[in-house]
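Asker: Let me give you the structure first, and then I'll get to my questions.
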Amino acid sequence: MIRAFLVFVLFTLAMPAVAERRVALVIGNSDYLHATHLPNPQNDARAISEKLGTLGFEVFLHENLGGQDFRIALGIFAEEALRADLAVVFYAGHGIEMGGRNYLIPIDAKMTSEATAQFEAMSLESLLSTVRTAGKLGLIMLDACRDNPFANTMQRKNGTRAVSRGLAPITLEGEAGTLVSFAAQAGDTADDGIGMHSPYTEALLELLDQPGLEVGALFQKVTKVVKDKTGGRQKPMYRIQPPEDLVYLVPQDATNVLSPTELTPTAPQNSQEDPLIVYLAAVQSQTRSALEAFIAGYPNHAKTADAKKLLLDIADREFWAVTKQQDTISAYNTYILAFSDGQFSARAKARKKVLELAAAPKPTPAPQPSPQISGIQTSCPALNAGASVQNIRTNDTLYVRAGGGKNFPVVGELPYNANGVNLGSCSSSGWCAVTYGCISGYSFGKYLRRGTGGQSRSRYAGQYHVVNHPLDQKLNVRSGPSTKYAVIAELPPTAVGVTVADCQMQKGFSQPWCALHWQGISGWAYGKYLADIYERNPQP
């Protein structure tokens with residue numbers, strides 16, 4: 001990536017900009033045969049189609065696609081994406097997560113079981129493989145996190161597992177130049193909207209044609225706009241494998257947006273122009289296109305070297321903006337290599353050092369003497385028994401019920417990576433008595449095993465302390481990850497050395513709930529009142 005970026009910088013200094021081919025597949029599914037009708041996807045698709053057309057995209061618009069038509073439309077678009085610089089897919093309609101993978105649902109899908117549903121629905125991976133063939137950027141925009149009836153029948157097998165709603169998080173691997181935008185963050189659902197469009201589509205229509213927004217910054221603004229529109233209830237997310245070159249849907253200096261037939265480059269018109277005036281105008285504009293036009297029109301002018309330097313400075317600033325947004329050690333290494341003498345080199349090295357220190361192993365804070373606390377429980381069985389939870393995904397939990405059967409009420413939840421579970425006797429129906437610290441009841445034996453280890457470590461796992469809590473109040477510890485569960489213990493507002501196993505986002509809360517253990521107390525507490533040694537709350 002570094003070599004490709006440097007080649008781009010050097011060659012664009014001496015070459016005029018060339019037109020790029022843009023193609024877009026837009027789908028709006030509203031009229032479902034076996035599920036809830038959605039009023040807005042067709043409206044959303046038509047509006048996005050029109051907007052992308054004004055941005056120079058050749059648009060392939062489809063409405064109410066069944067499974068066969070969906071596959072045909074994607075196959076035709078795959079051929080177009082191969083010959084394009086920018087390939088975009090926008091989908092509005094029902095979507096679902098099954099087994100950690102995301103699927104878009106055609107209007108004729110029945111989705112009666114997970115075993116058959118994966119063959120009826122269109123996987124997100126198939127869309128990714130299509131847009132990744134584009135020369136510069138493959139972009140997918142999914143307004144498909146609506147809460148739908150399919151999830152009710154397929155995500156709660158035998159009533160034994162607590163499963164997240166909405167779509168699952170993804171990781172992008174492979175070639176650079178892929179961005180996937182979700183209308184809501186992992187596990188949450190998105191509004192269909194009470195007007196003509198969903199909040200997510202409204203934000204896209206507002207921002208897609210805004211000049212000077214690099215695509216990463218564009219979808220960062222989409223997140224803020226939707227969050228503001230919904231009063232914080234809905235927060236879009238996006239995942240990006242950055243392209244080698246910065247990509248803009250509309251350049252900063254664009255005065256209007258051309259149709260595909262108008263995007264052909266023209267030769268510089270310099271016969272009647274004073275080169276120095278052209279140069280000064282390009283400098284004043286501080287835009288790539290004006291400087292590139294001057295360099296192409298006057299390659300041997302005395303000011304051409306200065307124009308190339310200014311163009312390199314613009315590339316430096318733009319690359320630094322992306323680097324700050326990514327805010328990773330790898331990103332700062334890339335910037336330092338690409339711009340070793342850049343204007344932000346010192347800041348990049350300083351920030352890289354901070355991140356490296358934060359990533360280095362830190363000694364565990366020494367446990368403080370146990371204070372005298374009053375509460376429902378001040379001591380629970382230690383987490384050193386010989387059983388553990390198994391076959392649960394990293395964004396799931398295991399229900400604990402009041403009795404041995406799915407008809408008993410849920411009284412608690414265990415994290416997917418719970419170790420040290422006290423596993424009691426099991427009935428012939430497969431339900432077993434369990435105790436996990438302060439949480440006790442019955443869970444389905446399919447998700448338990450004698451022996452510890454085997455489950456992956458949570459990214460939230462670590463040592464925390466209580467913060468932002470009134471000094472005269474204690475932090476409630478509950479049997480499950482939300483306020484619907486009973487308070488089973490309390491932590492003092494000065495508690496340190498709190499061990500967190502995992503955290504879970506819950507609908508209606510802006511921060512996750514965390515499974516914790518502290519000096520003989522265990523259960524779930526709200527992550528807003530926990531922080532690591534760097535005073536950071538657990539973040540999704």
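Letters A, B, ... go to the chains of the structure tokens in the order shown; residues in each chain start at 1; ligands are counted from 1 in the same order.
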Show which residues sit within 6 Å of region 210-217 of chain A, as a count of residues only. Count only C-alpha atoms, and ignore same-chain residues fewer than 4 positions away.
Answerer: 5
Asker: Considering only C-alpha atoms, return as a ChimeraX atom specification whatever protein or nucleic-acid residues lie within 12 Å of Leu204 (chain A), sequence-local ones (same chain, fewer than 2 positions apart) excluded.
Answerer: /A:44-45,47-49,51-52,90,141-143,181-183,197-202,206-210,215,218-226,236
Asker: Would you write out those residues with N, CA and C atoms, as an mmCIF file, in the first residue's frame?
Answerer:
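Result file is again_31.cif:
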data_model
loop_
_atom_site.group_PDB
_atom_site.id
_atom_site.type_symbol
_atom_site.label_atom_id
_atom_site.label_comp_id
_atom_site.auth_asym_id
_atom_site.auth_seq_id
_atom_site.Cartn_x
_atom_site.Cartn_y
_atom_site.Cartn_z
ATOM 1 N N ASP A 44 -36.750 4.956 -0.488
ATOM 2 C CA ASP A 44 -35.316 5.158 -0.242
ATOM 3 C C ASP A 44 -34.501 4.831 -1.484
ATOM 4 N N ALA A 45 -34.806 3.690 -2.121
ATOM 5 C CA ALA A 45 -34.034 3.259 -3.291
ATOM 6 C C ALA A 45 -34.178 4.247 -4.444
ATOM 7 N N ALA A 47 -34.892 7.468 -4.292
ATOM 8 C CA ALA A 47 -34.206 8.722 -3.989
ATOM 9 C C ALA A 47 -32.689 8.571 -4.081
ATOM 10 N N ILE A 48 -32.146 7.464 -3.551
ATOM 11 C CA ILE A 48 -30.702 7.230 -3.638
ATOM 12 C C ILE A 48 -30.279 7.044 -5.092
ATOM 13 N N SER A 49 -31.113 6.359 -5.889
ATOM 14 C CA SER A 49 -30.807 6.170 -7.311
ATOM 15 C C SER A 49 -30.681 7.516 -8.018
ATOM 16 N N LYS A 51 -30.065 10.428 -6.610
ATOM 17 C CA LYS A 51 -28.903 11.154 -6.087
ATOM 18 C C LYS A 51 -27.607 10.650 -6.717
ATOM 19 N N LEU A 52 -27.431 9.322 -6.797
ATOM 20 C CA LEU A 52 -26.211 8.777 -7.377
ATOM 21 C C LEU A 52 -26.100 9.131 -8.857
ATOM 22 N N PHE A 90 -26.427 -0.130 -2.877
ATOM 23 C CA PHE A 90 -27.313 0.354 -1.815
ATOM 24 C C PHE A 90 -28.476 -0.619 -1.700
ATOM 25 N N MET A 141 -23.816 0.189 1.065
ATOM 26 C CA MET A 141 -24.613 0.929 2.051
ATOM 27 C C MET A 141 -25.843 0.087 2.372
ATOM 28 N N LEU A 142 -25.958 -0.345 3.628
ATOM 29 C CA LEU A 142 -27.016 -1.276 4.033
ATOM 30 C C LEU A 142 -28.003 -0.592 4.974
ATOM 31 N N ASP A 143 -29.197 -0.308 4.457
ATOM 32 C CA ASP A 143 -30.285 0.149 5.308
ATOM 33 C C ASP A 143 -31.136 -1.080 5.602
ATOM 34 N N SER A 181 -21.107 0.303 5.012
ATOM 35 C CA SER A 181 -21.807 1.177 5.959
ATOM 36 C C SER A 181 -23.115 0.516 6.377
ATOM 37 N N PHE A 182 -23.319 0.388 7.703
ATOM 38 C CA PHE A 182 -24.541 -0.177 8.267
ATOM 39 C C PHE A 182 -25.391 0.947 8.850
ATOM 40 N N ALA A 183 -26.713 0.820 8.712
ATOM 41 C CA ALA A 183 -27.622 1.840 9.244
ATOM 42 C C ALA A 183 -27.610 1.881 10.764
ATOM 43 N N HIS A 197 -38.645 8.653 4.108
ATOM 44 C CA HIS A 197 -37.380 7.931 4.102
ATOM 45 C C HIS A 197 -36.969 7.556 5.531
ATOM 46 N N SER A 198 -36.112 6.537 5.620
ATOM 47 C CA SER A 198 -35.533 6.173 6.911
ATOM 48 C C SER A 198 -34.539 7.247 7.345
ATOM 49 N N PRO A 199 -34.220 7.356 8.644
ATOM 50 C CA PRO A 199 -33.214 8.341 9.095
ATOM 51 C C PRO A 199 -31.864 8.147 8.411
ATOM 52 N N TYR A 200 -31.462 6.888 8.172
ATOM 53 C CA TYR A 200 -30.173 6.614 7.533
ATOM 54 C C TYR A 200 -30.173 7.121 6.098
ATOM 55 N N THR A 201 -31.241 6.842 5.337
ATOM 56 C CA THR A 201 -31.310 7.318 3.956
ATOM 57 C C THR A 201 -31.388 8.828 3.913
ATOM 58 N N GLU A 202 -32.123 9.438 4.846
ATOM 59 C CA GLU A 202 -32.174 10.903 4.890
ATOM 60 C C GLU A 202 -30.773 11.487 5.047
ATOM 61 N N GLU A 206 -28.635 13.804 2.333
ATOM 62 C CA GLU A 206 -28.135 15.111 2.758
ATOM 63 C C GLU A 206 -26.638 15.274 2.508
ATOM 64 N N LEU A 207 -25.870 14.175 2.595
ATOM 65 C CA LEU A 207 -24.408 14.292 2.617
ATOM 66 C C LEU A 207 -23.688 13.753 1.389
ATOM 67 N N LEU A 208 -24.308 12.864 0.591
ATOM 68 C CA LEU A 208 -23.580 12.221 -0.503
ATOM 69 C C LEU A 208 -23.005 13.223 -1.505
ATOM 70 N N ASP A 209 -23.704 14.316 -1.756
ATOM 71 C CA ASP A 209 -23.217 15.280 -2.752
ATOM 72 C C ASP A 209 -22.521 16.478 -2.117
ATOM 73 N N GLN A 210 -22.126 16.358 -0.849
ATOM 74 C CA GLN A 210 -21.406 17.458 -0.199
ATOM 75 C C GLN A 210 -19.967 17.484 -0.687
ATOM 76 N N VAL A 215 -14.435 9.666 1.494
ATOM 77 C CA VAL A 215 -15.500 8.717 1.816
ATOM 78 C C VAL A 215 -15.507 8.311 3.294
ATOM 79 N N LEU A 218 -17.044 11.124 5.073
ATOM 80 C CA LEU A 218 -18.462 11.182 4.708
ATOM 81 C C LEU A 218 -19.305 10.300 5.615
ATOM 82 N N PHE A 219 -18.875 9.041 5.815
ATOM 83 C CA PHE A 219 -19.693 8.134 6.617
ATOM 84 C C PHE A 219 -19.523 8.379 8.117
ATOM 85 N N GLN A 220 -18.456 9.057 8.491
ATOM 86 C CA GLN A 220 -18.348 9.515 9.876
ATOM 87 C C GLN A 220 -19.416 10.577 10.154
ATOM 88 N N LYS A 221 -19.659 11.478 9.165
ATOM 89 C CA LYS A 221 -20.697 12.487 9.320
ATOM 90 C C LYS A 221 -22.084 11.855 9.279
ATOM 91 N N VAL A 222 -22.255 10.806 8.452
ATOM 92 C CA VAL A 222 -23.541 10.103 8.405
ATOM 93 C C VAL A 222 -23.885 9.571 9.794
ATOM 94 N N THR A 223 -22.900 9.007 10.480
ATOM 95 C CA THR A 223 -23.124 8.498 11.833
ATOM 96 C C THR A 223 -23.631 9.596 12.762
ATOM 97 N N LYS A 224 -22.999 10.756 12.723
ATOM 98 C CA LYS A 224 -23.403 11.860 13.609
ATOM 99 C C LYS A 224 -24.806 12.356 13.266
ATOM 100 N N VAL A 225 -25.098 12.506 11.971
ATOM 101 C CA VAL A 225 -26.395 13.044 11.571
ATOM 102 C C VAL A 225 -27.522 12.108 12.014
ATOM 103 N N VAL A 226 -27.351 10.778 11.794
ATOM 104 C CA VAL A 226 -28.392 9.830 12.179
ATOM 105 C C VAL A 226 -28.555 9.804 13.699
ATOM 106 N N PRO A 236 -25.302 4.599 13.245
ATOM 107 C CA PRO A 236 -24.695 3.807 12.167
ATOM 108 C C PRO A 236 -23.231 3.504 12.453
#
Asker: Given the choices A:Glu318, A:Glu244, A:Glu292, A:Glu356, which gets closest to Asp306 (chain A) if the distance is worked out from only C-alpha atoms?
Answerer: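 When distances to Asp306 (chain A) are compared using only C-alpha atoms, the smallest one comes from A:Glu292.
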Asker: Please identify which residues in region 219-420 of chain A DSSP calls strand (DSSP E) from the backbone, and express them as a count of residues only.
Answerer: 21
Asker: To one decimal place in Å, what is the distance between CA of His517 (chain A) and CA of Tyr447 (chain A)?
Answerer: 21.5 Å
Asker: Extract, using only C-alpha atoms, all DNA, RNA and protein residues at most 10 Å from Ala35 (chain A), discarding same-chain residues fewer than 2 positions from it, and format them as a ChimeraX atom specification.
Answerer: /A:30-33,37-38,94,107-111,148-150
Asker: Set the distance at 12 Å and use only C-alpha atoms: which residues neighbour Glu535 (chain A) once local chain neighbours fewer than 4 positions away are removed? I'd like the list as JSON, numbers by chain.
Answerer: {"A": [358, 463, 464, 465, 466, 467, 468, 527, 528, 529, 530, 531, 539]}
Asker: The selected residues should be written to file as a PDB file, in the first residue's frame (atoms: C-alpha atoms).
Answerer:
ATOM      1  CA  ALA A 358      -0.899   1.787  25.823  1.00  0.00           C
ATOM      2  CA  GLN A 463      -8.765  -5.035  34.976  1.00  0.00           C
ATOM      3  CA  TYR A 464     -11.047  -2.078  35.706  1.00  0.00           C
ATOM      4  CA  HIS A 465     -12.091   0.153  38.609  1.00  0.00           C
ATOM      5  CA  VAL A 466     -15.328   1.915  39.538  1.00  0.00           C
ATOM      6  CA  VAL A 467     -15.603   5.517  38.255  1.00  0.00           C
ATOM      7  CA  ASN A 468     -18.155   8.326  37.924  1.00  0.00           C
ATOM      8  CA  GLY A 527     -19.907  -0.218  31.846  1.00  0.00           C
ATOM      9  CA  LYS A 528     -20.506   3.509  32.257  1.00  0.00           C
ATOM     10  CA  TYR A 529     -19.216   3.119  35.813  1.00  0.00           C
ATOM     11  CA  LEU A 530     -16.100   1.077  34.926  1.00  0.00           C
ATOM     12  CA  ALA A 531     -12.761   2.281  33.543  1.00  0.00           C
ATOM     13  CA  GLN A 539     -16.343   0.658  24.273  1.00  0.00           C
TER      14      GLN A 539
END
Asker: Expressed in Å to a single decimal, how great is the separation between CA of Gln343 (chain A) and CA of Asp245 (chain A)?
Answerer: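 We find that CA of Gln343 (chain A) and CA of Asp245 (chain A) lie 19.1 Å from each other.
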Asker: Using only C-alpha atoms, which protein or nucleic acid residues come within 12 Å of Thr499 (chain A)? Drop anything in the same chain fewer than 4 positions from it, and give the result as an MDAnalysis selection string.
Answerer: chainID A and resid 364:365 367 383 460:466 495 503 514:525 530:532
Asker: Store the residues of this selection in a file with N, CA and C atoms, as a PDB file, in the first residue's frame.
Answerer:
ATOM      1  N   THR A 364      -0.736  -5.683  36.798  1.00  0.00           N
ATOM      2  CA  THR A 364      -2.073  -5.641  37.401  1.00  0.00           C
ATOM      3  C   THR A 364      -2.013  -4.851  38.703  1.00  0.00           C
ATOM      4  N   PRO A 365      -2.883  -3.862  38.870  1.00  0.00           N
ATOM      5  CA  PRO A 365      -2.863  -3.082  40.133  1.00  0.00           C
ATOM      6  C   PRO A 365      -3.050  -4.002  41.340  1.00  0.00           C
ATOM      7  N   PRO A 367      -4.426  -5.492  44.587  1.00  0.00           N
ATOM      8  CA  PRO A 367      -5.784  -5.440  45.156  1.00  0.00           C
ATOM      9  C   PRO A 367      -5.799  -4.639  46.451  1.00  0.00           C
ATOM     10  N   LEU A 383     -14.964 -18.374  41.416  1.00  0.00           N
ATOM     11  CA  LEU A 383     -15.070 -18.835  40.024  1.00  0.00           C
ATOM     12  C   LEU A 383     -13.946 -19.820  39.710  1.00  0.00           C
ATOM     13  N   TYR A 460     -12.912  -7.115  25.581  1.00  0.00           N
ATOM     14  CA  TYR A 460     -13.176  -6.264  26.739  1.00  0.00           C
ATOM     15  C   TYR A 460     -12.427  -6.733  27.989  1.00  0.00           C
ATOM     16  N   ALA A 461     -11.910  -7.962  27.963  1.00  0.00           N
ATOM     17  CA  ALA A 461     -11.369  -8.568  29.173  1.00  0.00           C
ATOM     18  C   ALA A 461     -10.218  -7.751  29.747  1.00  0.00           C
ATOM     19  N   GLY A 462     -10.166  -7.650  31.063  1.00  0.00           N
ATOM     20  CA  GLY A 462      -9.070  -6.925  31.699  1.00  0.00           C
ATOM     21  C   GLY A 462      -9.439  -6.442  33.086  1.00  0.00           C
ATOM     22  N   GLN A 463      -8.588  -5.577  33.635  1.00  0.00           N
ATOM     23  CA  GLN A 463      -8.765  -5.035  34.976  1.00  0.00           C
ATOM     24  C   GLN A 463      -9.352  -3.618  34.891  1.00  0.00           C
ATOM     25  N   TYR A 464     -10.373  -3.367  35.696  1.00  0.00           N
ATOM     26  CA  TYR A 464     -11.047  -2.078  35.706  1.00  0.00           C
ATOM     27  C   TYR A 464     -11.227  -1.603  37.154  1.00  0.00           C
ATOM     28  N   HIS A 465     -11.714  -0.356  37.298  1.00  0.00           N
ATOM     29  CA  HIS A 465     -12.091   0.153  38.609  1.00  0.00           C
ATOM     30  C   HIS A 465     -13.369   0.970  38.458  1.00  0.00           C
ATOM     31  N   VAL A 466     -14.066   1.184  39.570  1.00  0.00           N
ATOM     32  CA  VAL A 466     -15.328   1.915  39.538  1.00  0.00           C
ATOM     33  C   VAL A 466     -15.035   3.407  39.384  1.00  0.00           C
ATOM     34  N   ALA A 495     -13.999   0.763  44.461  1.00  0.00           N
ATOM     35  CA  ALA A 495     -13.492  -0.564  44.111  1.00  0.00           C
ATOM     36  C   ALA A 495     -12.478  -0.485  42.975  1.00  0.00           C
ATOM     37  N   CYS A 503     -18.158  -8.005  27.820  1.00  0.00           N
ATOM     38  CA  CYS A 503     -19.200  -6.985  27.873  1.00  0.00           C
ATOM     39  C   CYS A 503     -20.164  -7.180  26.712  1.00  0.00           C
ATOM     40  N   CYS A 514     -21.172  -5.329  31.628  1.00  0.00           N
ATOM     41  CA  CYS A 514     -19.977  -6.164  31.715  1.00  0.00           C
ATOM     42  C   CYS A 514     -20.127  -7.231  32.809  1.00  0.00           C
ATOM     43  N   ALA A 515     -19.693  -8.462  32.459  1.00  0.00           N
ATOM     44  CA  ALA A 515     -19.628  -9.551  33.436  1.00  0.00           C
ATOM     45  C   ALA A 515     -18.334  -9.388  34.229  1.00  0.00           C
ATOM     46  N   LEU A 516     -18.440  -9.315  35.566  1.00  0.00           N
ATOM     47  CA  LEU A 516     -17.260  -8.968  36.369  1.00  0.00           C
ATOM     48  C   LEU A 516     -17.174  -9.852  37.616  1.00  0.00           C
ATOM     49  N   HIS A 517     -15.979  -9.793  38.233  1.00  0.00           N
ATOM     50  CA  HIS A 517     -15.743 -10.466  39.509  1.00  0.00           C
ATOM     51  C   HIS A 517     -14.838  -9.573  40.341  1.00  0.00           C
ATOM     52  N   TRP A 518     -15.197  -9.412  41.628  1.00  0.00           N
ATOM     53  CA  TRP A 518     -14.399  -8.564  42.522  1.00  0.00           C
ATOM     54  C   TRP A 518     -14.533  -9.066  43.952  1.00  0.00           C
ATOM     55  N   GLN A 519     -13.450  -9.552  44.524  1.00  0.00           N
ATOM     56  CA  GLN A 519     -13.359  -9.904  45.938  1.00  0.00           C
ATOM     57  C   GLN A 519     -14.584 -10.671  46.434  1.00  0.00           C
ATOM     58  N   GLY A 520     -14.875 -11.777  45.757  1.00  0.00           N
ATOM     59  CA  GLY A 520     -15.962 -12.627  46.200  1.00  0.00           C
ATOM     60  C   GLY A 520     -17.334 -12.224  45.699  1.00  0.00           C
ATOM     61  N   ILE A 521     -17.432 -11.229  44.831  1.00  0.00           N
ATOM     62  CA  ILE A 521     -18.706 -10.799  44.249  1.00  0.00           C
ATOM     63  C   ILE A 521     -18.608 -10.955  42.741  1.00  0.00           C
ATOM     64  N   SER A 522     -19.669 -11.451  42.095  1.00  0.00           N
ATOM     65  CA  SER A 522     -19.669 -11.579  40.639  1.00  0.00           C
ATOM     66  C   SER A 522     -21.063 -11.355  40.110  1.00  0.00           C
ATOM     67  N   GLY A 523     -21.133 -10.921  38.844  1.00  0.00           N
ATOM     68  CA  GLY A 523     -22.395 -10.636  38.182  1.00  0.00           C
ATOM     69  C   GLY A 523     -22.164  -9.652  37.048  1.00  0.00           C
ATOM     70  N   TRP A 524     -23.166  -8.803  36.751  1.00  0.00           N
ATOM     71  CA  TRP A 524     -23.084  -7.842  35.643  1.00  0.00           C
ATOM     72  C   TRP A 524     -23.272  -6.427  36.188  1.00  0.00           C
ATOM     73  N   ALA A 525     -22.486  -5.477  35.657  1.00  0.00           N
ATOM     74  CA  ALA A 525     -22.618  -4.068  36.029  1.00  0.00           C
ATOM     75  C   ALA A 525     -22.538  -3.216  34.769  1.00  0.00           C
ATOM     76  N   LEU A 530     -17.351   1.821  34.877  1.00  0.00           N
ATOM     77  CA  LEU A 530     -16.100   1.077  34.926  1.00  0.00           C
ATOM     78  C   LEU A 530     -15.089   1.744  34.011  1.00  0.00           C
ATOM     79  N   ALA A 531     -13.817   1.709  34.373  1.00  0.00           N
ATOM     80  CA  ALA A 531     -12.761   2.281  33.543  1.00  0.00           C
ATOM     81  C   ALA A 531     -11.479   1.494  33.768  1.00  0.00           C
ATOM     82  N   ASP A 532     -10.635   1.438  32.700  1.00  0.00           N
ATOM     83  CA  ASP A 532      -9.359   0.754  32.829  1.00  0.00           C
ATOM     84  C   ASP A 532      -8.324   1.727  33.420  1.00  0.00           C
TER      85      ASP A 532
END
Asker: Take CA of Phe444 (chain A) and CA of Val487 (chain A) and report the distance between them in Å, one decimal.
Answerer: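 A separation of 23.3 Å between them.
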Asker: Between A:Leu86, A:Ile329, A:Ala293, A:Ile76, which residue has the minimum interatomic distance to Gly177 (chain A), considering only C-alpha atoms?
Answerer: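 Selected residue with least distance to Gly177 (chain A): A:Leu86.
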Asker: Give me, as a ChimeraX atom specification, all polymer residues having an atom no more than 12 Å from Phe319 (chain A), counting only C-alpha atoms and skipping those fewer than 2 positions away in the same chain.
Answerer: /A:2,5-6,9,214,216,242-247,312-317,321-326,331-332,334-339,342-345,348
